[in-house]
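Student: Sharing a structure here in structure tokens format.
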Amino acid sequence: MAMLKVPVTSDDHIQGPLEAPVTLVEYGDYQCPYCGLAYPNVRRVQQHFGQQLRFVFRHFPLSQIHPLAEPAAETAEFAGDYKRFWEAHDELYENQERLGAELFVAVAITLKLPVAELRDAITRQKYTPKIRNDFMGGVRSGVNGTPAFFINGMRHDGSFDFEQLVLAIQTQL
Amino acid sequence: MSHILTPGTAAPDFTLHVTPDQILSLRDLAGKPAILAFYPADWSPVCGDQMTLYNEILPEFQKHGAQLLGISVDGAWCHQAFAKHRRLHFPLLADFEPKGTVAKLYGAYRDGEGVSERALFVIDKNGMISWSYCSPIAVNPGADGILDALEKLPN
């Protein structure tokens with residue numbers, strides 16, 4: 001059973017209370033179609049468990065086959081600097097079929113973030129060290145593809161449909 | 001599941017096509033560590049694909065001076081198309097004729113199916129197998145075992 005090797009810290013993007021009995025960590029890629037399919041399921045799972053669940057998202061871009069995954073992650077991290085990570089995250093997955101430079105700018109405009117600075121951050125790959133750090137932490141934890149989920153530190157090897165995720169989380173409560 | 005060669009065994013040498021007009025031998029890599037990744041076939045589903053994942057981790061392998069070699073029974077032209085499609089930046093060797101010869105040498109051939117196991121070998125700079133692992137065929141073993149093994153190699 002693969003175990004999460006990198007503990008959740010305040011450097012992570014976290015939704016839900018610190019003291020929640022269950023933590024769900026996702027390693028995801030904004031251009032991965034399977035991650036796109038998992039996205040609404042995760043949202044439903046969060047609604048289902050409410051304050052009992054803490055959700056953490058970490059980057060795992062497969063940049064060679066998904067060239068837009070990295071700039072998308074840069075966009076989310078840029079928004080994160082303005083405490084708007086999750087709104088950008090939602091915009092990116094909800095508009096995954098339009099992923100690209102225009103969408104990244106549109107996200108910045110929607111969130112009222114400075115567009116020129118976002119463009120600069122993407123060009124300079126400002127957040128690449130953080131994104132790569134997420135990625136390598138995932139590799140060392142046995143992430144072998146995306147999306148990968150860990151429930152209270154244990155890899156969830158079942159499917160990521162709503163019912164399976166709920167069942168797996170339920171056993172931790 | 002096959003009985004693959006175990007640590008402490010000298011890695012059998014081989015020579016295979018790496019492109020339709022180029023060959024590569026294990027001994028060409030003498031003096032630096034090698035990672036042999038046997039896998040059943042090109043063109044498995046994208047997001048969970050083992051070779052696609054390793055492609056992203058190449059810089060970590062290179063930190064250890066290690067050369068990654070993917071090996072399957074697919075032919076060199078098939079490998080070429082697959083590598084181009086997935087933008088792979090490491091060699092894929094064609095264990096194609098006689099089919100599976102190298103996989104058999106390493107104990108990593110599945111007779112019934114005619115493909116290699118999903119088997120990993122880390123070979124040290126002196127040509128000795130220092131770590132090996134055979135994954136269930138449907139399970140992408142990831143790269144954590146390889147990285148752990150590379151870290152344990154003496155400098």
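Quick note on naming: the chains in the structure tokens go A, B, ... in the order shown, residues restart at 1 in each chain, and ligands are numbered from 1 in order of appearance.
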Where does chain B meet chain A within 12 Å, residue by residue, with the nearest atom pair and distance in Å to one decimal for each, counting only C-alpha atoms, listed by chain and rising number, as JSON lines?
Tutor:
{"residue": "B:Pro45", "atom": "CA", "partner": "A:Gly145", "partner_atom": "CA", "distance": 10.3}
{"residue": "B:Val46", "atom": "CA", "partner": "A:Ile65", "partner_atom": "CA", "distance": 8.4}
{"residue": "B:Cys47", "atom": "CA", "partner": "A:Gly145", "partner_atom": "CA", "distance": 5.5}
{"residue": "B:Gly48", "atom": "CA", "partner": "A:Gly145", "partner_atom": "CA", "distance": 4.1}
{"residue": "B:Asp49", "atom": "CA", "partner": "A:Gly145", "partner_atom": "CA", "distance": 6.9}
{"residue": "B:Gln50", "atom": "CA", "partner": "A:Asn144", "partner_atom": "CA", "distance": 7.0}
{"residue": "B:Met51", "atom": "CA", "partner": "A:Asn144", "partner_atom": "CA", "distance": 10.2}
{"residue": "B:Thr52", "atom": "CA", "partner": "A:Leu62", "partner_atom": "CA", "distance": 7.5}
{"residue": "B:Leu53", "atom": "CA", "partner": "A:Asn144", "partner_atom": "CA", "distance": 6.9}
{"residue": "B:Tyr54", "atom": "CA", "partner": "A:Asn144", "partner_atom": "CA", "distance": 9.3}
{"residue": "B:Asn55", "atom": "CA", "partner": "A:Gln64", "partner_atom": "CA", "distance": 7.7}
{"residue": "B:Glu56", "atom": "CA", "partner": "A:Leu62", "partner_atom": "CA", "distance": 6.5}
{"residue": "B:Ile57", "atom": "CA", "partner": "A:Met136", "partner_atom": "CA", "distance": 8.2}
{"residue": "B:Leu58", "atom": "CA", "partner": "A:Met136", "partner_atom": "CA", "distance": 11.5}
{"residue": "B:Pro59", "atom": "CA", "partner": "A:Met136", "partner_atom": "CA", "distance": 10.9}
{"residue": "B:Glu60", "atom": "CA", "partner": "A:Met136", "partner_atom": "CA", "distance": 8.9}
{"residue": "B:Phe61", "atom": "CA", "partner": "A:Met136", "partner_atom": "CA", "distance": 11.9}
{"residue": "B:Phe82", "atom": "CA", "partner": "A:Ile65", "partner_atom": "CA", "distance": 11.8}
{"residue": "B:Ala83", "atom": "CA", "partner": "A:Ile65", "partner_atom": "CA", "distance": 10.9}
{"residue": "B:Lys84", "atom": "CA", "partner": "A:Ile65", "partner_atom": "CA", "distance": 10.4}
{"residue": "B:His85", "atom": "CA", "partner": "A:Ile65", "partner_atom": "CA", "distance": 8.2}
{"residue": "B:Arg86", "atom": "CA", "partner": "A:Ile65", "partner_atom": "CA", "distance": 5.8}
{"residue": "B:Arg87", "atom": "CA", "partner": "A:Gln64", "partner_atom": "CA", "distance": 6.0}
{"residue": "B:Leu88", "atom": "CA", "partner": "A:Gln64", "partner_atom": "CA", "distance": 7.8}
{"residue": "B:His89", "atom": "CA", "partner": "A:Gln64", "partner_atom": "CA", "distance": 9.5}
{"residue": "B:Val139", "atom": "CA", "partner": "A:Asn144", "partner_atom": "CA", "distance": 8.9}
{"residue": "B:Asn140", "atom": "CA", "partner": "A:Asn144", "partner_atom": "CA", "distance": 6.1}
{"residue": "B:Pro141", "atom": "CA", "partner": "A:Asn144", "partner_atom": "CA", "distance": 6.7}
{"residue": "B:Gly142", "atom": "CA", "partner": "A:Asn144", "partner_atom": "CA", "distance": 4.5}
{"residue": "B:Ala143", "atom": "CA", "partner": "A:Val139", "partner_atom": "CA", "distance": 6.2}
{"residue": "B:Asp144", "atom": "CA", "partner": "A:Arg140", "partner_atom": "CA", "distance": 4.7}
{"residue": "B:Gly145", "atom": "CA", "partner": "A:Arg140", "partner_atom": "CA", "distance": 8.3}
{"residue": "B:Ile146", "atom": "CA", "partner": "A:Arg140", "partner_atom": "CA", "distance": 9.7}
{"residue": "B:Leu147", "atom": "CA", "partner": "A:Arg140", "partner_atom": "CA", "distance": 7.8}
{"residue": "B:Asp148", "atom": "CA", "partner": "A:Arg140", "partner_atom": "CA", "distance": 8.5}
{"residue": "B:Ala149", "atom": "CA", "partner": "A:Arg140", "partner_atom": "CA", "distance": 11.9}
Student: Just checking: using only C-alpha atoms, which residue out of A:Leu103, A:Tyr82, A:Glu77, A:Pro114 ends up closest to Pro129 in chain A?
Tutor: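 Once distances to Pro129 in chain A are computed over only C-alpha atoms, the minimum belongs to A:Glu77.
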Student: In chain A, what's strand (DSSP E or B) per DSSP? Answer as a VMD selection string?
Tutor: chain A and resid 3 13 to 15 22 to 28 53 to 59 148 to 151 154 to 156
Student: Would you export the selected residues with N, CA and C atoms as a PDB file, in the first residue's frame, please?
Tutor:
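Final output, saved to part_6.pdb:
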ATOM      1  N   MET A   3       2.029   4.928   0.600  1.00  0.00           N
ATOM      2  CA  MET A   3       1.718   5.901   1.653  1.00  0.00           C
ATOM      3  C   MET A   3       2.219   7.281   1.231  1.00  0.00           C
ATOM      4  N   HIS A  13      -2.326  23.807  -0.411  1.00  0.00           N
ATOM      5  CA  HIS A  13      -3.638  24.416  -0.655  1.00  0.00           C
ATOM      6  C   HIS A  13      -4.672  23.511  -0.004  1.00  0.00           C
ATOM      7  N   ILE A  14      -5.357  24.054   0.981  1.00  0.00           N
ATOM      8  CA  ILE A  14      -6.226  23.233   1.835  1.00  0.00           C
ATOM      9  C   ILE A  14      -7.626  23.845   1.896  1.00  0.00           C
ATOM     10  N   GLN A  15      -8.627  22.974   1.762  1.00  0.00           N
ATOM     11  CA  GLN A  15     -10.006  23.377   2.040  1.00  0.00           C
ATOM     12  C   GLN A  15     -10.535  22.494   3.160  1.00  0.00           C
ATOM     13  N   VAL A  22     -10.828  13.357   8.463  1.00  0.00           N
ATOM     14  CA  VAL A  22     -10.308  12.742   7.236  1.00  0.00           C
ATOM     15  C   VAL A  22      -9.685  13.817   6.344  1.00  0.00           C
ATOM     16  N   THR A  23      -8.501  13.495   5.815  1.00  0.00           N
ATOM     17  CA  THR A  23      -7.842  14.369   4.841  1.00  0.00           C
ATOM     18  C   THR A  23      -7.741  13.629   3.516  1.00  0.00           C
ATOM     19  N   LEU A  24      -8.258  14.254   2.485  1.00  0.00           N
ATOM     20  CA  LEU A  24      -8.172  13.715   1.124  1.00  0.00           C
ATOM     21  C   LEU A  24      -7.158  14.562   0.359  1.00  0.00           C
ATOM     22  N   VAL A  25      -6.093  13.928  -0.112  1.00  0.00           N
ATOM     23  CA  VAL A  25      -5.081  14.631  -0.901  1.00  0.00           C
ATOM     24  C   VAL A  25      -5.204  14.163  -2.350  1.00  0.00           C
ATOM     25  N   GLU A  26      -5.279  15.107  -3.270  1.00  0.00           N
ATOM     26  CA  GLU A  26      -5.283  14.754  -4.696  1.00  0.00           C
ATOM     27  C   GLU A  26      -4.008  15.262  -5.348  1.00  0.00           C
ATOM     28  N   TYR A  27      -3.360  14.399  -6.127  1.00  0.00           N
ATOM     29  CA  TYR A  27      -2.305  14.828  -7.040  1.00  0.00           C
ATOM     30  C   TYR A  27      -2.947  14.917  -8.420  1.00  0.00           C
ATOM     31  N   GLY A  28      -2.963  16.109  -8.982  1.00  0.00           N
ATOM     32  CA  GLY A  28      -3.689  16.297 -10.234  1.00  0.00           C
ATOM     33  C   GLY A  28      -2.960  17.167 -11.238  1.00  0.00           C
ATOM     34  N   LEU A  53     -14.298  16.703   6.431  1.00  0.00           N
ATOM     35  CA  LEU A  53     -13.289  16.415   5.404  1.00  0.00           C
ATOM     36  C   LEU A  53     -12.424  17.639   5.119  1.00  0.00           C
ATOM     37  N   ARG A  54     -11.126  17.364   5.044  1.00  0.00           N
ATOM     38  CA  ARG A  54     -10.175  18.378   4.622  1.00  0.00           C
ATOM     39  C   ARG A  54      -9.643  17.931   3.258  1.00  0.00           C
ATOM     40  N   PHE A  55      -9.607  18.845   2.296  1.00  0.00           N
ATOM     41  CA  PHE A  55      -9.161  18.490   0.946  1.00  0.00           C
ATOM     42  C   PHE A  55      -7.907  19.283   0.584  1.00  0.00           C
ATOM     43  N   VAL A  56      -6.933  18.574   0.047  1.00  0.00           N
ATOM     44  CA  VAL A  56      -5.650  19.184  -0.329  1.00  0.00           C
ATOM     45  C   VAL A  56      -5.392  18.864  -1.798  1.00  0.00           C
ATOM     46  N   PHE A  57      -5.004  19.882  -2.570  1.00  0.00           N
ATOM     47  CA  PHE A  57      -4.648  19.643  -3.973  1.00  0.00           C
ATOM     48  C   PHE A  57      -3.172  19.924  -4.184  1.00  0.00           C
ATOM     49  N   ARG A  58      -2.490  18.956  -4.790  1.00  0.00           N
ATOM     50  CA  ARG A  58      -1.075  19.127  -5.155  1.00  0.00           C
ATOM     51  C   ARG A  58      -0.904  18.904  -6.654  1.00  0.00           C
ATOM     52  N   HIS A  59       0.080  19.573  -7.214  1.00  0.00           N
ATOM     53  CA  HIS A  59       0.292  19.511  -8.666  1.00  0.00           C
ATOM     54  C   HIS A  59       1.067  18.261  -9.077  1.00  0.00           C
ATOM     55  N   ALA A 148      -4.370  11.002  -8.581  1.00  0.00           N
ATOM     56  CA  ALA A 148      -4.037  10.048  -7.516  1.00  0.00           C
ATOM     57  C   ALA A 148      -4.572  10.626  -6.213  1.00  0.00           C
ATOM     58  N   PHE A 149      -5.242   9.782  -5.448  1.00  0.00           N
ATOM     59  CA  PHE A 149      -5.837  10.230  -4.189  1.00  0.00           C
ATOM     60  C   PHE A 149      -5.223   9.488  -3.008  1.00  0.00           C
ATOM     61  N   PHE A 150      -5.015  10.214  -1.921  1.00  0.00           N
ATOM     62  CA  PHE A 150      -4.603   9.611  -0.650  1.00  0.00           C
ATOM     63  C   PHE A 150      -5.649   9.992   0.391  1.00  0.00           C
ATOM     64  N   ILE A 151      -6.102   8.989   1.123  1.00  0.00           N
ATOM     65  CA  ILE A 151      -7.090   9.219   2.175  1.00  0.00           C
ATOM     66  C   ILE A 151      -6.414   8.921   3.502  1.00  0.00           C
ATOM     67  N   MET A 154      -3.123   7.131   3.025  1.00  0.00           N
ATOM     68  CA  MET A 154      -3.044   5.867   2.281  1.00  0.00           C
ATOM     69  C   MET A 154      -3.586   6.065   0.869  1.00  0.00           C
ATOM     70  N   ARG A 155      -2.866   5.538  -0.120  1.00  0.00           N
ATOM     71  CA  ARG A 155      -3.329   5.724  -1.498  1.00  0.00           C
ATOM     72  C   ARG A 155      -4.649   5.004  -1.713  1.00  0.00           C
ATOM     73  N   HIS A 156      -5.550   5.702  -2.366  1.00  0.00           N
ATOM     74  CA  HIS A 156      -6.853   5.126  -2.719  1.00  0.00           C
ATOM     75  C   HIS A 156      -6.713   4.507  -4.102  1.00  0.00           C
TER      76      HIS A 156
END
Student: Which residues are close to range 16-31 of chain B, i.e. within 10 Å by only C-alpha atoms, leaving aside same-chain residues fewer than 3 positions away? Reply as a ChimeraX atom specification.
Tutor: /B:11-13,34,36,65-67,69-71,75-80,90-97,101-102,123-127
Student: Can you list, as number ranges by chain, every protein, DNA or RNA residue that comes within 12 Å of Ala121 in chain A when you count only C-alpha atoms, leaving out same-chain residues fewer than 2 positions away?
Tutor: A: 70-79, 81, 104-105, 114-119, 123-128
Student: Per DSSP on the backbone, what are the helix (DSSP H, G or I) residues of range 8-158 of chain A, as an NGL selection string?
Tutor: :A and (33-52 or 69-81 or 85-94 or 96-98 or 101-110 or 115-124 or 128-140)
Student: Excluding Ala119 in chain B and its own-chain neighbours fewer than 2 positions away, which residues fall within 6 Å of it when counting only C-alpha atoms? Please give them as an NGL selection string.
Tutor: :B and (38 or 117 or 133-134)
Student: Save the residues we just selected, all heavy atoms, as a PDB file, in the first residue's frame?
Tutor:
ATOM      1  N   PHE B  38      11.323  -2.906 -18.252  1.00  0.00           N
ATOM      2  CA  PHE B  38      10.565  -3.761 -19.167  1.00  0.00           C
ATOM      3  C   PHE B  38       9.081  -3.430 -18.987  1.00  0.00           C
ATOM      4  O   PHE B  38       8.614  -3.257 -17.854  1.00  0.00           O
ATOM      5  CB  PHE B  38      10.776  -5.238 -18.829  1.00  0.00           C
ATOM      6  CG  PHE B  38      12.146  -5.755 -19.168  1.00  0.00           C
ATOM      7  CD1 PHE B  38      13.175  -5.709 -18.228  1.00  0.00           C
ATOM      8  CD2 PHE B  38      12.397  -6.311 -20.414  1.00  0.00           C
ATOM      9  CE1 PHE B  38      14.438  -6.199 -18.536  1.00  0.00           C
ATOM     10  CE2 PHE B  38      13.669  -6.814 -20.728  1.00  0.00           C
ATOM     11  CZ  PHE B  38      14.685  -6.754 -19.788  1.00  0.00           C
ATOM     12  N   GLU B 117       7.147  -8.822 -18.774  1.00  0.00           N
ATOM     13  CA  GLU B 117       6.559  -8.373 -17.519  1.00  0.00           C
ATOM     14  C   GLU B 117       6.743  -6.867 -17.386  1.00  0.00           C
ATOM     15  O   GLU B 117       7.525  -6.248 -18.112  1.00  0.00           O
ATOM     16  CB  GLU B 117       7.284  -9.040 -16.335  1.00  0.00           C
ATOM     17  CG  GLU B 117       7.098 -10.527 -16.226  1.00  0.00           C
ATOM     18  CD  GLU B 117       5.780 -10.898 -15.559  1.00  0.00           C
ATOM     19  OE1 GLU B 117       4.969 -10.014 -15.267  1.00  0.00           O
ATOM     20  OE2 GLU B 117       5.582 -12.109 -15.350  1.00  0.00           O
ATOM     21  N   TYR B 133      12.439  -5.407  -9.422  1.00  0.00           N
ATOM     22  CA  TYR B 133      11.056  -5.452  -8.951  1.00  0.00           C
ATOM     23  C   TYR B 133      10.146  -5.834 -10.103  1.00  0.00           C
ATOM     24  O   TYR B 133      10.250  -5.282 -11.205  1.00  0.00           O
ATOM     25  CB  TYR B 133      10.633  -4.083  -8.404  1.00  0.00           C
ATOM     26  CG  TYR B 133       9.190  -4.022  -7.979  1.00  0.00           C
ATOM     27  CD1 TYR B 133       8.769  -4.661  -6.811  1.00  0.00           C
ATOM     28  CD2 TYR B 133       8.235  -3.356  -8.752  1.00  0.00           C
ATOM     29  CE1 TYR B 133       7.432  -4.623  -6.426  1.00  0.00           C
ATOM     30  CE2 TYR B 133       6.897  -3.316  -8.367  1.00  0.00           C
ATOM     31  CZ  TYR B 133       6.508  -3.952  -7.212  1.00  0.00           C
ATOM     32  OH  TYR B 133       5.194  -3.928  -6.823  1.00  0.00           O
ATOM     33  N   CYS B 134       9.266  -6.790  -9.838  1.00  0.00           N
ATOM     34  CA  CYS B 134       8.282  -7.185 -10.852  1.00  0.00           C
ATOM     35  C   CYS B 134       6.902  -6.776 -10.360  1.00  0.00           C
ATOM     36  O   CYS B 134       6.450  -7.249  -9.320  1.00  0.00           O
ATOM     37  CB  CYS B 134       8.359  -8.695 -11.086  1.00  0.00           C
ATOM     38  SG  CYS B 134       7.371  -9.223 -12.479  1.00  0.00           S
TER      39      CYS B 134
END
Student: Which residues are near Arg118 in chain B? Cut-off 8 Å, only C-alpha atoms, ignore same chain within fewer than 4 positions. Put them as a PyMOL selection string.
Tutor: chain B and resi 37-40+108+134-137+140
Student: Given the choices B:Leu153, B:Asp111, B:Tyr106, B:Asp42, which gets closest to Thr9 in chain B if the distance is worked out from only C-alpha atoms?
Tutor: B:Tyr106
Student: Could you state the separation of CA of Asp161 in chain A and CA of Tyr93 in chain A in Å, given to one decimal place?
Tutor: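 Separation between CA of Asp161 in chain A and CA of Tyr93 in chain A: 16.4 Å.
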